[in-house]
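Enquirer: Here it is, the structure, as structure tokens.
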Amino acid sequence: MADARAPQDAAATPPAGFHVGGLVPFTTTDYPGKLAAVVFAQGCPWRCGYCHNPHLLPPRGTDEVAWSDVLAWLDGRRGLLDAVVFSGGEPTAQSGLADAMRAVRAKGFAVGLHTGGIYPRRLAEVVGLVDWVGLDVKAPIAAYVQVTGVASSGLAAFASLDLLQRAGVPLEIRTTVHPVLTPPADLRALARELAECGVRSWVLQTFRPIGCANDELNASAPAGARLDEALLAELAAVVPEIALR
Ligand code: SF4
């Protein structure tokens with residue numbers, strides 16, 4: 001997920017329905033092959049140690065952008081942007097997500113979604129409204145709690161993976177790699193679980209200590225560290241297409 005920044009003219013009081021914690025007006029990296037804006041949903045129930053947007057975790061933020069202002073701004077971006085990506089925070093935590101996506105589609109933009117798969121039932125509501133999903137799969141199911149701090153979080157994420165695969169939505173599976181939170185043994189186990197789910201393409205994102213509020217985790221993952229080549233070869237023997245980011 002990209003860093004969230006609120007535009008200078010953000011309204012102070014967002015309407016009920018969809019709470020926006022920030023907006024990136026232009027990105028080429030958050031939706032493959034498309035020029036996009038990123039809307040950052042305010043709020044997330046998980047507490048991943050490596051989260052780099054901790055200000056988006058509370059259900060209400062101090063720098064929210066009114067959804068009506070985002071929609072009005074999008075009117076001026078027709079022909080300049082291809083897509084709007086809902087990121088977070090966790091977009092599926094908000095009951096207004098489907099309406100927000102419909103409003104974006106009505107303006108002619110494709111819809112992307114970055115999600116941890118936290119709420120499979122909410123995901124089922126919006127799966128027909130999304131053109132592409134980036135799904136964070138954080139760990140093998142049994143080890144999810146050590147990343148998110150939430151028991152049973154892995155069951156939700158894998159239920160979401162199954163739902164998205166059945167729906168046939170273009171999907172990117174990605175995992176943040178941190179030497180403490182996702183050690184090699186867990187990556188090997190996750191590769192096996194993904195392969196059992198039919199996943200053949202996997203993006204591994206090296207943790208970067210940017211925005212993360214956990215000093216110990218930052219210190220244990222030096223900037224510039226690279227994934228071990230031998231481990232990568234092992235993982236690629238299980239999930240054939242691995243991309244590094
Ligand atoms: S699911 Fe995403 S937004 Fe929520 S705590 Fe984890 S990294 Fe942060």
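Here, A, B, ... name the chains of the structure tokens in the order displayed, residue numbers run from 1 inside each chain, and ligands are numbered from 1 in the same displayed order.
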May I have the residues within 8 Å of A:Ser201 as a ChimeraX atom specification, using only C-alpha atoms and disregarding those fewer than 4 positions away in the same chain?
Expert: /A:172-173,239-243
Enquirer: Which residues form the shell of 6 Å around ligand 1 when you count only C-alpha atoms and all ligand atoms, given as a ChimeraX atom specification?
Expert: /A:44,46-48,51,53,88-90,116
Enquirer: Could you write out the selected residues, including C-alpha atoms, as a PDB file, in the first residue's frame?
Expert:
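Result file out_35.pdb:
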```pdb
ATOM      1  CA  CYS A  44      -8.607  -1.416  10.235  1.00  0.00           C
ATOM      2  CA  TRP A  46      -5.958  -5.793  12.644  1.00  0.00           C
ATOM      3  CA  ARG A  47      -2.660  -4.668  14.170  1.00  0.00           C
ATOM      4  CA  CYS A  48       0.108  -5.934  11.924  1.00  0.00           C
ATOM      5  CA  CYS A  51       1.903  -1.686   9.274  1.00  0.00           C
ATOM      6  CA  ASN A  53      -0.040   3.420   7.825  1.00  0.00           C
ATOM      7  CA  GLY A  88      -6.320   1.371   3.553  1.00  0.00           C
ATOM      8  CA  GLY A  89      -6.673   0.779   6.358  1.00  0.00           C
ATOM      9  CA  GLU A  90      -9.117  -1.912   5.361  1.00  0.00           C
ATOM     10  CA  GLY A 116      -6.235  -8.097   3.678  1.00  0.00           C
TER      11      GLY A 116
END
```
Enquirer: Which of stretch 49-182 of chain A end up as alpha helix (DSSP H) when DSSP is run on this backbone - answer as a PyMOL selection string?
Expert: chain A and resi 67-75+97-106+120-126+144-148+153-167
Enquirer: Which residues are close to A:Thr176, i.e. within 8 Å by only C-alpha atoms, leaving aside same-chain residues fewer than 4 positions away? Reply as a list in words.
Expert: Asp136, Lys138, Thr182, Leu204, Gln205, Thr206 and Phe207 of chain A
Enquirer: Could you pull out the strand (DSSP E) residues of stretch 111-214 of chain A, going by DSSP on the backbone, and write them as JSON, numbers by chain?
Expert: {"A": [111, 112, 113, 114, 115, 132, 133, 134, 135, 136, 171, 172, 173, 174, 175, 176, 177, 201, 202, 203, 204, 205, 206]}
Enquirer: Selection from above, C-alpha atoms, as a CSV table (one decimal), in the first residue's frame, can you write it?
Expert:
```
chain,number,residue,atom,x,y,z
A,111,VAL,CA,-12.1,0.0,-9.6
A,112,GLY,CA,-9.2,-1.6,-7.8
A,113,LEU,CA,-9.1,-2.9,-4.2
A,114,HIS,CA,-6.3,-3.5,-1.8
A,115,THR,CA,-7.4,-5.7,1.0
A,132,TRP,CA,-8.7,-6.0,-10.0
A,133,VAL,CA,-7.8,-7.0,-6.4
A,134,GLY,CA,-4.5,-6.9,-4.6
A,135,LEU,CA,-4.9,-9.4,-1.7
A,136,ASP,CA,-2.4,-9.4,1.1
A,171,LEU,CA,-6.0,-11.0,-8.6
A,172,GLU,CA,-2.5,-10.3,-7.2
A,173,ILE,CA,-1.5,-12.3,-4.2
A,174,ARG,CA,1.2,-10.5,-2.2
A,175,THR,CA,3.1,-11.1,1.0
A,176,THR,CA,5.3,-8.7,3.0
A,177,VAL,CA,8.5,-10.4,4.0
A,201,SER,CA,1.7,-16.3,-9.1
A,202,TRP,CA,3.0,-14.6,-5.9
A,203,VAL,CA,4.5,-11.2,-5.2
A,204,LEU,CA,7.0,-11.0,-2.3
A,205,GLN,CA,7.4,-7.5,-0.9
A,206,THR,CA,10.5,-6.9,1.2
```
Enquirer: Each residue of stretch 43-160 of chain A with at least one atom at most 7 Å from stretch 212-227 of chain A should appear once, together with its nearest atom pair and the corresponding distance in Å (one decimal); atoms considered: only C-alpha atoms; ordering: chain, then increasing residue number; output as JSON lines.
Expert:
```
{"residue": "A:Gly49", "atom": "CA", "partner": "A:Asn214", "partner_atom": "CA", "distance": 6.6}
{"residue": "A:Tyr50", "atom": "CA", "partner": "A:Cys212", "partner_atom": "CA", "distance": 5.7}
{"residue": "A:Cys51", "atom": "CA", "partner": "A:Cys212", "partner_atom": "CA", "distance": 5.6}
{"residue": "A:His52", "atom": "CA", "partner": "A:Cys212", "partner_atom": "CA", "distance": 4.3}
```
Enquirer: Contacts of A:Asp75 at 10 Å or less, counting only C-alpha atoms, minus same-chain residues fewer than 5 places along, as a PyMOL selection string?
Expert: chain A and resi 70+104+107-108
Enquirer: Quick one: residues within 12 Å of A:Ala106, only C-alpha atoms counted, chain neighbours fewer than 4 positions away excluded, as an MDAnalysis selection string?
Expert: chainID A and resid 71 74:75 78 83:84 99:102 110:111 129
Enquirer: Using the selection just defined, write its residues with C-alpha atoms as a PDB file, in the first residue's frame.
Expert:
```pdb
ATOM      1  CA  LEU A  71     -16.199  12.366  -5.925  1.00  0.00           C
ATOM      2  CA  LEU A  74     -12.827  12.753  -9.681  1.00  0.00           C
ATOM      3  CA  ASP A  75     -15.108  14.676 -12.036  1.00  0.00           C
ATOM      4  CA  ARG A  78     -11.920  11.988 -16.334  1.00  0.00           C
ATOM      5  CA  ALA A  83      -8.896   3.775 -12.176  1.00  0.00           C
ATOM      6  CA  VAL A  84      -9.508   4.397  -8.501  1.00  0.00           C
ATOM      7  CA  ASP A  99     -21.944   2.420  -2.711  1.00  0.00           C
ATOM      8  CA  ALA A 100     -18.583   4.157  -2.959  1.00  0.00           C
ATOM      9  CA  MET A 101     -17.456   1.742  -5.660  1.00  0.00           C
ATOM     10  CA  ARG A 102     -20.703   2.163  -7.582  1.00  0.00           C
ATOM     11  CA  ALA A 110     -12.172   1.111 -13.187  1.00  0.00           C
ATOM     12  CA  VAL A 111     -12.133   0.009  -9.550  1.00  0.00           C
ATOM     13  CA  LEU A 129     -17.882  -4.129  -8.550  1.00  0.00           C
TER      14      LEU A 129
END
```
Enquirer: As a list in words, please: the residues near A:Pro120 (cut-off 8 Å, only C-alpha atoms, same-chain neighbours under 6 positions excluded).
Expert: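 Once the adjacent positions are removed, what remains is Ala156, Ala157, Ala159, Ser160 and Leu163 of chain A.
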